[in-house]
Each structure stands twice: as C-alpha cells, then as structure tokens.
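Heads up: the structure comes next, in structure tokens.
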Amino acid sequence: MESIQQGESVMKITLLTVGKIKEKYLKEAVAEYVKRLSAYCKLEIVEVTDERTPEQRSDHMTRVILSTEAERILKHVKDDAFLITLEIDGKALSSEEFASKLESLAVSGNSHVMFVIGGSLGLGEEVRKRSDFALSFSKLTFPHQLMRVILLEQIYRGFRIIAGAPYHK
C-alpha cells in the first residue's frame with residue numbers, strides 16, 4: 001500500500017459524471033463507497049448537468065448534446081490528471097488488472113486520476129480525444145447512475161487488492 005500512499009501524497013481520484021443520482025438506494029450505495037474509499041484515497045465526485053435528450057432526435061441534435069456535455073466535462077479536467085473514460089469500446093480489465101493499473105499510475109507519479117462517466121448518449125468526441133485510457137466494464141449498457149456505484153466498487157476493490165486485503169472474488 002506504500003506505493004499508493006507515499007507519505008502525504010495520497011492518490012486523488014475524481015469521478016466526473018454527467019447527471020445527478022436521484023434514487024435513494026443509489027445515493028446510499030455511493031455514500032458507502034465514498035466512506036470506504038476515504039481510507040485509501042482523496043475522492044471527489046463532480047457532477048455536470050446533463051442535457052435533455054428527446055426520444056426523437058436527429059443525428060445533428062445528438063452531436064450537439066454530446067458536444068455540450070463534453071464542454072461541461074472538459075471544464076473540470078485538470079491538465080496534470082490521468083483521464084480514464086468509461087466507454088463500451090474501451091479496454092476490458094479484470095479486477096486484478098484494474099488494481100495493477102491504479103498502482104502503476106501512482107508509482108509513475110500520476111497522483112490524480114480522473115474517471116469520466118458520460119450521460120445517456122455516451123461521451124462526446126472531444127472528451128474521448130482527451131482520454132488517456134478508455135476503460136470498458138462490459139459490452140452491456142448500464143444506466144450512468146448505476147455505473148457510478150459499479151465504478152466506485154471497483155476502485156475500492158482495486159485498493160483492497162493493492163493492499164493485500166481480502167476481497168470477494
């Protein structure tokens with residue numbers, strides 16, 4: 001665990017998400033993982049406003065929505081942060097590989113890792129271009145609110161693996 005928490009330089013993790021969580025049970029799950037992660041990192045969750053997405057929309061309207069959300073996301077991306085975007089076509093990792101990725105980022109001096117969860121239409125091209133690593137949890141599509149809980153759980157699991165602590169397989 002020394003590699004993640006070298007003296008005072010605790011890894012900072014930012015979740016940059018489009019939209020707010022409305023359901024109480026998801027808010028409670030997020031709060032639980034925020035509490036658990038406080039032992040391993042400095043965690044920040046930044047929510048940007050999602051655009052209203054009409055059922056019937058043109059390709060142009062879709063691009064406008066994605067571009068507007070991308071602009072909001074990129075305002076919060078720090079130049080020195082390692083940016084990981086969650087994308088269906090990203091690289092799939094096992095929990096052990098994910099933990100190894102977190103550890104290698106910390107060891108190589110990337111003390112600030114930002115994860116981006118897009119809105120209901122995904123991520124705009126501008127955000128994907130800025131991404132340092134595209135991560136996929138599945139070929140399945142998940143509600144972005146639920147994805148926040150899944151991501152937090154995997155970050156927590158990753159830190160537990162790095163620490164050599166027991167975790168559920």
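Lettering and numbering for the structure tokens are positional, with chains as A, B, ... in the shown order, residues counted from 1 in each chain, and ligands counted from 1 in the shown order.
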
Long-range neighbours of segment 122-139 of chain A as a PyMOL selection string, 9 Å cut-off, only C-alpha atoms, 5 positions minimum in chain: chain A and resi 63+65-71+73-74+82-93+116-117+144+150-151

Contact residues around Thr14 of chain A with only C-alpha atoms at 9 Å, ignoring same-chain residues under 5 positions, as a ChimeraX atom specification: /A:42-46,112-116

Residue with smallest distance to Ala81 of chain A - pool A:Val64, A:Leu102, A:Lys35, A:Ile13, counting only C-alpha atoms: A:Ile13

Pick from A:Lys27, A:Lys78, A:Arg36, A:Lys20 nearest to Glu51 of chain A, counting only C-alpha atoms: A:Lys20

Sel. of strand (DSSP E or B) residues, segment 53-132 of chain A, as a ChimeraX atom specification: /A:82-92,112-117,119,122

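Nearest to Lys22 of chain A of all the residues A:Tyr40, A:Leu146, A:Arg57, A:Ile162 is A:Leu146, counting only C-alpha atoms.
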